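S.K.: Below is a structure I'd like to ask you about.
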Amino acid sequence: MTRLPILMYHRVGTPPVGSKLADLWVSPDELQAQLGYLKAGGWSPMLFSELRKVLASGHPFPPKPILVTFDDGYANNYETGFPILKRLGVKAGIFLVHETMGRHNAWHDPAGEPWVPMMSLSQAREMQDSGLVDFGSHTMRHPRLTRVSLEEARWEIEESRRRLEKDLGREISAFAYPYGAGAKDEKLRALVRGAGYAFDFGTRPGATRLPWAFESGAFRRLLVPGGAPLWRFKLSLALEPWRP
Ligand SMILES: [Zn+2]
């Protein structure tokens with residue numbers, strides 16, 4: 001049976017003093033080693049647009065398919081992560097929080113998690129133009145969708161897609177739930193599907209079985225924590241954590 005592992009990253013670099021989410025920072029050396037391992041091992045990192053085409057056409061997946069995803073759209077993804085993607089020729093997908101672009105991670109309380117810059121639209125466009133990166137939506141403002149009204153959730157889901165398509169000039173087919181909240185909620189998933197997204201991503205660990213259909217549930221992902229040794233990364237790709 002084919003499985004589709006999907007890696008989940010957030011930030012690339014060194015955590016700022018006071019960060020309580022330090023394990024969401026992966027160092028450039030770690031990212032380089034992990035993506036280099038994928039490359040050397042014959043994995044095929046896919047863009048969202050490529051996944052969309054394969055799912056829509058029923059054509060076979062490339063050998064050892066995998067998605068490398070980054071949540072939130074931090075400027076360090078562009079400044080530090082993008083050069084590594086280019087050096088290795090690895091494709092990746094980034095989930096943007098539309099209202100925070102060119103600003104900062106305003107959904108975090110800066111008392112507990114320092115604000116850092118988010119990538120600008122021009123940085124996103126440059127990454128898209130490279131052919132190595134494409135984008136999905138991570139809402140307008142990064143709310144926990146299970147804790148806002150359905151009307152507000154609808155706006156977060158629909159408006160972000162509309163604006164990203166306008167700003168980037170491409171179809172946006174991927175949606176990731178902030179905090180993974182809503183990935184198992186049928187009403188919210190129906191809003192995502194109704195808004196025109198082709199697939200959705202949660203944070204539940206594991207790999208997704210192929211073939212996949214929307215009814216199969218949101219894609220699972222594997223959080224790659226900062227500071228973990230490379231052997232753990234290799235092991236997680238090879239073994240048990242991928243089991244549903
Ligand atoms: Zn997020």
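Ordered as shown in the structure tokens, chains take letters A, B, and onward, while each chain numbers its residues from 1 and ligands are numbered from 1 in the order shown.
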Please write out the residues within 6 Å of ligand 1 as a ChimeraX atom specification, counting only C-alpha atoms and all ligand atoms.

M.R.: /A:71-72,178-179

S.K.: Could those residues be written to a file, using N, CA and C atoms, as a PDB file, in the first residue's frame?

M.R.:
ATOM      1  N   ASP A  71       4.168  25.692   7.925  1.00  0.00           N
ATOM      2  CA  ASP A  71       2.966  26.401   8.363  1.00  0.00           C
ATOM      3  C   ASP A  71       3.270  27.859   8.691  1.00  0.00           C
ATOM      4  N   ASP A  72       2.307  28.702   8.412  1.00  0.00           N
ATOM      5  CA  ASP A  72       2.234  30.108   8.866  1.00  0.00           C
ATOM      6  C   ASP A  72       2.848  31.138   7.919  1.00  0.00           C
ATOM      7  N   PRO A 178      -5.441  25.891  11.350  1.00  0.00           N
ATOM      8  CA  PRO A 178      -4.581  26.353  12.446  1.00  0.00           C
ATOM      9  C   PRO A 178      -4.755  25.446  13.666  1.00  0.00           C
ATOM     10  N   TYR A 179      -3.663  25.061  14.267  1.00  0.00           N
ATOM     11  CA  TYR A 179      -3.629  24.151  15.428  1.00  0.00           C
ATOM     12  C   TYR A 179      -4.225  22.769  15.100  1.00  0.00           C
TER      13      TYR A 179
END

S.K.: As a PyMOL selection string, which residues of stretch 80-216 of chain A does DSSP assign to strand (DSSP E or B)?

M.R.: chain A and resi 92-96+104+117-118+133-137+174-176+199-205+208-209

S.K.: For stretch 5-19 of chain A, work out the shell of residues within 10 Å, counting only C-alpha atoms and skipping chain neighbours fewer than 5 positions away, then give it as a PyMOL selection string.

M.R.: chain A and resi 24-31+45-46+64-82+92-95+110-116+201-203+205-209+219-226+236-237+242

S.K.: Residues within 10 Å of A:Arg189, please, as a PyMOL selection string. Count only C-alpha atoms; anything in the same chain fewer than 5 positions from it doesn't count.

M.R.: chain A and resi 175+177+182-184+194-195+197+199-200+214-215+217-218

S.K.: Let's have the selection written as a short mmCIF file (atom, residue, chain, number, x, y, z; two decimals), in the first residue's frame, with N, CA and C atoms.

M.R.:
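Produced file selection_2.cif, reproduced below:
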data_model
loop_
_atom_site.label_atom_id
_atom_site.label_comp_id
_atom_site.auth_asym_id
_atom_site.auth_seq_id
_atom_site.Cartn_x
_atom_site.Cartn_y
_atom_site.Cartn_z
N PHE A 175 -5.53 23.62 2.00
CA PHE A 175 -5.91 24.35 3.22
C PHE A 175 -5.38 23.61 4.43
N TYR A 177 -5.58 23.60 8.70
CA TYR A 177 -6.30 24.11 9.87
C TYR A 177 -5.31 24.62 10.91
N GLY A 182 -10.38 21.48 13.72
CA GLY A 182 -11.39 21.46 12.67
C GLY A 182 -11.14 20.35 11.66
N ALA A 183 -9.95 19.77 11.73
CA ALA A 183 -9.59 18.75 10.74
C ALA A 183 -10.46 17.50 10.84
N LYS A 184 -11.15 17.35 11.99
CA LYS A 184 -12.04 16.19 12.13
C LYS A 184 -13.50 16.63 12.28
N GLY A 194 -16.45 23.25 0.20
CA GLY A 194 -17.36 24.16 -0.50
C GLY A 194 -16.65 25.41 -1.02
N ALA A 195 -15.58 25.81 -0.33
CA ALA A 195 -14.83 27.00 -0.75
C ALA A 195 -13.98 26.72 -1.98
N TYR A 197 -11.36 24.27 -2.13
CA TYR A 197 -10.08 23.59 -1.90
C TYR A 197 -10.21 22.12 -2.32
N PHE A 199 -7.98 19.73 -1.13
CA PHE A 199 -7.58 18.88 0.01
C PHE A 199 -7.24 19.74 1.22
N ASP A 200 -7.26 19.07 2.38
CA ASP A 200 -7.03 19.78 3.64
C ASP A 200 -6.04 19.01 4.51
N PHE A 214 -11.52 13.09 -0.54
CA PHE A 214 -11.85 14.06 0.52
C PHE A 214 -12.52 13.36 1.70
N GLU A 215 -13.36 12.37 1.39
CA GLU A 215 -14.08 11.64 2.45
C GLU A 215 -13.12 10.84 3.34
N GLY A 217 -10.73 11.92 4.95
CA GLY A 217 -10.29 12.72 6.09
C GLY A 217 -9.08 13.57 5.73
N ALA A 218 -8.86 14.60 6.54
CA ALA A 218 -7.74 15.52 6.27
C ALA A 218 -6.41 14.76 6.29
#

S.K.: Please identify which residues in stretch 12-236 of chain A DSSP calls helix (DSSP H, G or I) from the backbone, and express them as a VMD selection string.

M.R.: chain A and resid 22 to 24 28 to 40 48 to 57 75 to 88 98 to 100 121 to 129 145 to 147 150 to 168 178 to 180 186 to 194 214 to 216 230 to 236

S.K.: Using only C-alpha atoms, which of the listed residues (A:Ala228, A:Leu121, A:Ala190, A:Ala198) sits closest to A:Lys53?

M.R.: A:Ala198

S.K.: Just checking: using only C-alpha atoms, which residue out of A:Ala176, A:Ser130, A:Gly196, A:His59 ends up closest to A:Arg162?

M.R.: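 Once distances to A:Arg162 are computed over only C-alpha atoms, the minimum belongs to A:Gly196.
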
S.K.: Counting only C-alpha atoms, which residue out of A:Gly169, A:Lys39, A:Leu132, A:His108 sits closest to A:Leu21?

M.R.: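 Residue with the minimum atom-to-atom distance to A:Leu21: A:His108.
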
S.K.: Which one of A:Leu188, A:Leu164, A:Ala181, A:Ala56 sits closest to A:Glu152 if you count only C-alpha atoms?

M.R.: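 Of the candidates, the smallest distance to A:Glu152 is held by A:Leu188.
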
S.K.: Using only C-alpha atoms, I'd like a table of the residues in stretch 80-117 of chain A that come within 8 Å of stretch 140-149 of chain A; for each, show the closest atom pair and its distance in Å rounded to one decimal, ordered by chain and ascending number, as a tab-separated table.

M.R.:
residue	atom	partner	partner_atom	distance
A:Val97	CA	A:Met140	CA	5.1
A:His98	CA	A:Met140	CA	4.7
A:Glu99	CA	A:Met140	CA	5.2
A:Thr100	CA	A:Arg141	CA	6.8
A:Trp107	CA	A:His142	CA	6.4

S.K.: Please, what distance in Å, to one decimal, runs between atom CA of A:Gly36 and atom CA of A:Leu230?

M.R.: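 So the answer is 10.9 Å.
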
S.K.: Which one is closest to A:Lys234: A:Ala124, A:Ala22, A:Ala33, A:Val192? Count only C-alpha atoms.

M.R.: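 Among the listed residues, A:Ala33 lies closest to A:Lys234.
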